[in-house]
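Chemist: This is the structure, below, for whatever I ask next.
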Amino acid sequence: MTDLGLYGVLNENMMKETLSVGDLKIDGSLCIRCQRCVKICLAEIFYKEGGRIRTKNESACIFCGHCVAICPKDAIIHPAFPSSRVHSFAISDLPSPEQLMLLLKSRRSNRAFSGKEIPEAFLQKVLEAAAAAPTAQNSRDVHFVLVRDPEVLKAVTEYTLASFMKVVRLLDNRFMRLLAGRKLADVYELIPKFKGMSRRFHAGEGDMILRGAKAVLFIYSSEKSRFGAADCNLAYQNASLMAESLGVAQFYTGFVLAALERDRKGRLNAMLGLKDVKIHAGMALAMPEIRFEKYVDRCGCN
Ligand SMILES: Cc1cc2nc3c(=O)[nH]c(=O)nc-3n(C[C@H](O)[C@H](O)[C@H](O)COP(=O)(O)O)c2cc1C
């Protein structure tokens with residue numbers, strides 16, 4: 001496989017396994033019959049009978065861990081959640097609404113990248129935050145590839161620009177302008193921009209696609225995933241908020257994803273060593289040269 005600098009697949013797909021009768025146990029000596037598990041379980045596996053909490057239909061378990069996390073007495077023994085995977089926290093330790101709102105409002109796409117390396121520990125935290133996002137039906141079918149090899153990053157930009165220039169060559173002639181100029185007015189507006197980006201890149205005057213990013217995090221799910229786009233973009237948002245909190249600059253690689261949409265031959269996937277998956281989100285990352293110390297109330301251009 002191409003050396004991408006760092007390759008990370010953090011999510012374990014628990015759904016490959018199903019719970020069988022007997023896998024899930026309730027320690028009767030600890031259980032206080034509070035029925036929190038009964039109330040919280042999406043799959044309705046827990047029920048009260050004869051003064052005891054019992055389980056049924058265990059194979060419906062989606063491995064969300066709600067039962068284990070809600071039990072005040074650690075009475076639920078779930079094979080996927082040994083004590084090493086269960087972490088107590090004080091609700092008072094959560095960020096305050098004001099702190100969270102400040103993070104949400106101050107998070108920006110910062111493209112003023114410096115040439116500094118992103119500390120390894122920061123990248124790991126960004127990945128950990130991404131992997132903590134929820135997924136539909138708790139499929140955990142969200143995976144990551146972190147590209148840091150400068151040659152691969154350059155190839156990603158070349159790939160994106162080549163895709164745009166193919167569109168330009170197709171549309172930028174009198175015949176096509178007459179035929180599709182009105183219908184594709186928004187695409188035609190972009191043609192000078194695409195030409196400019198390509199010219200600047202090939203003249204060594206700057207990369208307007210990745211803007212000198214030190215890493216790109218691609219987030220993907222299996223091709224068949226019904227909620228892949230939502231799952232991956234929720235992971236993106238977690239990652240971007242963690243990046244902001246760490247002081248790492250990031251932006252969404254929408255141009256690359258637009259090229260990917262037109263890529264019938266799976267060239268980007270092949271470049272990244274990926275097969276039978278769909279990339280739904282991408283994040284360019286670098287240490288910032290400058291940082292925002294104000295936020296503005298948002299408004300839009302149309
Ligand atoms: C779906 C999506 C695609 C984007 N694509 C790009 C991109 O290709 N390049 C870029 O520099 N910024 C990209 N952005 C960043 C937006 O331009 C940015 O979010 C917007 O300008 C507002 O700035 P803010 O993120 O600081 O609030 C994208 C954002 C989103 C949500």
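Lettering and numbering for the structure tokens are positional, with chains as A, B, ... in the shown order, residues counted from 1 in each chain, and ligands counted from 1 in the shown order.
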If you run DSSP on the backbone here, which positions in region 77-182 of chain A get strand (DSSP E)? Please write them as a ChimeraX atom specification.

Modeler: /A:77,143-147

Chemist: Using only C-alpha atoms and all ligand atoms, find each residue in chain A having at least one atom no more than 9 Å away from ligand 1; report its shortest atom-to-atom pair and that distance in Å (one decimal), rows by chain then rising number, as a Markdown table.

Modeler:
| residue | atom | partner | partner_atom_place_in_ligand_line | distance |
| --- | --- | --- | --- | --- |
| A:Lys105 | CA | ligand 1 | 27 (O) | 8.2 |
| A:Ser106 | CA | ligand 1 | 26 (O) | 8.2 |
| A:Arg107 | CA | ligand 1 | 26 (O) | 6.4 |
| A:Arg108 | CA | ligand 1 | 26 (O) | 3.1 |
| A:Ser109 | CA | ligand 1 | 26 (O) | 3.7 |
| A:Asn110 | CA | ligand 1 | 26 (O) | 6.4 |
| A:Arg111 | CA | ligand 1 | 11 (O) | 6.5 |
| A:Met208 | CA | ligand 1 | 11 (O) | 7.5 |
| A:Ile209 | CA | ligand 1 | 9 (N) | 6.3 |
| A:Leu210 | CA | ligand 1 | 9 (N) | 7.5 |
| A:Arg211 | CA | ligand 1 | 11 (O) | 7.9 |
| A:Gln250 | CA | ligand 1 | 25 (O) | 8.8 |
| A:Phe251 | CA | ligand 1 | 12 (N) | 5.3 |
| A:Tyr252 | CA | ligand 1 | 28 (C) | 4.5 |
| A:Thr253 | CA | ligand 1 | 8 (O) | 4.1 |
| A:Gly254 | CA | ligand 1 | 5 (N) | 3.2 |
| A:Phe255 | CA | ligand 1 | 8 (O) | 3.9 |
| A:Val256 | CA | ligand 1 | 8 (O) | 6.5 |
| A:Leu257 | CA | ligand 1 | 8 (O) | 7.9 |
| A:Ala258 | CA | ligand 1 | 8 (O) | 8.3 |
| A:Ala281 | CA | ligand 1 | 1 (C) | 8.2 |
| A:Gly282 | CA | ligand 1 | 3 (C) | 8.9 |
| A:Met283 | CA | ligand 1 | 6 (C) | 9.0 |
| A:Ala284 | CA | ligand 1 | 9 (N) | 8.6 |
| A:Arg298 | CA | ligand 1 | 27 (O) | 7.6 |
| A:Gly300 | CA | ligand 1 | 22 (C) | 8.7 |

Chemist: Could those selected residues go to a file with C-alpha atoms, as a compact mmCIF listing (two decimals), in the first residue's frame?

Modeler:
# COMPACT_ATOMS: atom_id res chain seq x y z
CA LYS A 105 -19.04 30.14 17.17
CA SER A 106 -15.27 30.56 17.12
CA ARG A 107 -14.54 27.46 14.99
CA ARG A 108 -13.53 28.72 11.57
CA SER A 109 -12.09 27.38 8.38
CA ASN A 110 -8.58 28.73 8.75
CA ARG A 111 -6.58 28.50 5.52
CA MET A 208 -5.67 26.54 -3.86
CA ILE A 209 -7.05 23.04 -3.28
CA LEU A 210 -5.13 21.89 -0.19
CA ARG A 211 -3.35 25.20 0.46
CA GLN A 250 -8.64 22.98 9.20
CA PHE A 251 -11.06 23.32 6.32
CA TYR A 252 -13.46 21.01 4.50
CA THR A 253 -11.97 19.68 1.26
CA GLY A 254 -15.12 20.28 -0.78
CA PHE A 255 -13.21 20.66 -4.06
CA VAL A 256 -11.63 17.22 -3.65
CA LEU A 257 -15.02 15.69 -2.88
CA ALA A 258 -16.52 17.38 -5.95
CA ALA A 281 -15.83 13.91 3.94
CA GLY A 282 -12.33 15.30 3.91
CA MET A 283 -10.44 17.73 6.12
CA ALA A 284 -7.28 19.62 5.30
CA ARG A 298 -22.67 34.65 10.69
CA GLY A 300 -24.31 34.39 3.99

Chemist: Write out as a list in words each polymer residue whose atoms come within 10 Å of Pro192 (chain A), counting only C-alpha atoms; drop sequence neighbours fewer than 6 positions from it.

Modeler: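 Neighbouring residues, sequence-local ones excluded: Val168, Asp172 and Ser198 of chain A.
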
Chemist: Between A:Leu127, A:Asp276, A:Thr160, A:Leu30, single out the one closest to Ser225 (chain A), counting only C-alpha atoms.

Modeler: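 Checking each candidate against Ser225 (chain A), we get A:Asp276 as the closest.
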
Chemist: Which of these, A:Leu234, A:Glu98, A:Val156, A:Leu24, has the shortest distance to Ala130 (chain A) once you count only C-alpha atoms?

Modeler: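 Closest to Ala130 (chain A), using only C-alpha atoms: A:Leu234.
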
Chemist: Let's see if you can do this: from backbone DSSP, list all alpha helix (DSSP H) residues in region 252-289 of chain A, as a list in words.

Modeler: Gly254, Phe255, Val256, Leu257, Ala258, Ala259, Leu260, Glu261, Arg267, Leu268, Asn269, Ala270 and Met271 of chain A

Chemist: For the atom pair CA of Cys64 (chain A) and CA of Asp231 (chain A), what is the interatomic distance in Å to one decimal place?

Modeler: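 A separation of 15.0 Å between them.
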
Chemist: Quick one: of A:Arg174, A:Lys25, A:Lys39, A:Arg54, who's nearest to Ala80 (chain A), counting only C-alpha atoms?

Modeler: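 Ranking A:Arg174, A:Lys25, A:Lys39, A:Arg54 by distance to Ala80 (chain A), first place goes to A:Lys25.
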
Chemist: Write out as a compact mmCIF listing (two decimals) with N, CA and C atoms, in the first residue's frame each polymer residue whose atoms come within 12 Å of Leu190 (chain A), counting only C-alpha atoms; drop sequence neighbours fewer than 4 positions from it.

Modeler:
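As written to disk, selection-v3.txt reads:
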# COMPACT_ATOMS: atom_id res chain seq x y z
N PHE A 164 -11.30 19.03 -12.62
CA PHE A 164 -11.93 20.31 -12.96
C PHE A 164 -11.59 20.72 -14.40
N MET A 165 -10.34 20.52 -14.78
CA MET A 165 -9.93 20.94 -16.12
C MET A 165 -10.60 20.10 -17.21
N VAL A 167 -13.69 19.14 -16.98
CA VAL A 167 -15.00 19.81 -17.11
C VAL A 167 -14.83 21.08 -17.94
N VAL A 168 -13.74 21.81 -17.67
CA VAL A 168 -13.50 23.05 -18.40
C VAL A 168 -13.36 22.75 -19.89
N LEU A 171 -16.75 22.02 -21.45
CA LEU A 171 -17.76 23.08 -21.50
C LEU A 171 -17.30 24.38 -22.16
N ASP A 172 -15.97 24.61 -22.15
CA ASP A 172 -15.48 25.93 -22.54
C ASP A 172 -15.30 26.04 -24.06
N LEU A 184 -26.32 25.60 -17.04
CA LEU A 184 -25.16 25.37 -16.16
C LEU A 184 -24.46 26.68 -15.82
N ALA A 185 -25.27 27.75 -15.66
CA ALA A 185 -24.68 29.07 -15.43
C ALA A 185 -23.74 29.06 -14.22
N ASP A 186 -24.12 28.34 -13.17
CA ASP A 186 -23.27 28.32 -11.96
C ASP A 186 -21.93 27.64 -12.23
N PHE A 194 -11.47 27.84 -11.92
CA PHE A 194 -10.76 26.56 -12.11
C PHE A 194 -9.49 26.77 -12.93
N LYS A 195 -9.62 27.55 -13.99
CA LYS A 195 -8.45 27.80 -14.85
C LYS A 195 -7.35 28.48 -14.04
N GLY A 196 -7.75 29.45 -13.22
CA GLY A 196 -6.79 30.19 -12.40
C GLY A 196 -6.09 29.27 -11.40
N MET A 197 -6.87 28.39 -10.77
CA MET A 197 -6.29 27.50 -9.76
C MET A 197 -5.28 26.55 -10.40
N PHE A 255 -13.65 20.79 -2.65
CA PHE A 255 -13.21 20.66 -4.06
C PHE A 255 -12.81 19.21 -4.37

Chemist: Which distance in Å separates CA of Met287 (chain A) and CA of Gly247 (chain A), to one decimal?

Modeler: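 Atom-to-atom, CA of Met287 (chain A) and CA of Gly247 (chain A) are spaced 7.3 Å apart.
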
Chemist: Restricting the calculation to only C-alpha atoms, which member of A:Lys294, A:His143, A:Lys56, A:Arg36 is positioned closest to Phe218 (chain A)?

Modeler: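 Under the stated criterion, the closest residue is A:His143.
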
Chemist: Residues at most 10 Å from Met242 (chain A), counting only C-alpha atoms, excluding those fewer than 2 positions away in the same chain, as a VMD selection string?

Modeler: chain A and resid 103 107 122 to 123 125 to 130 236 to 240 244 to 248
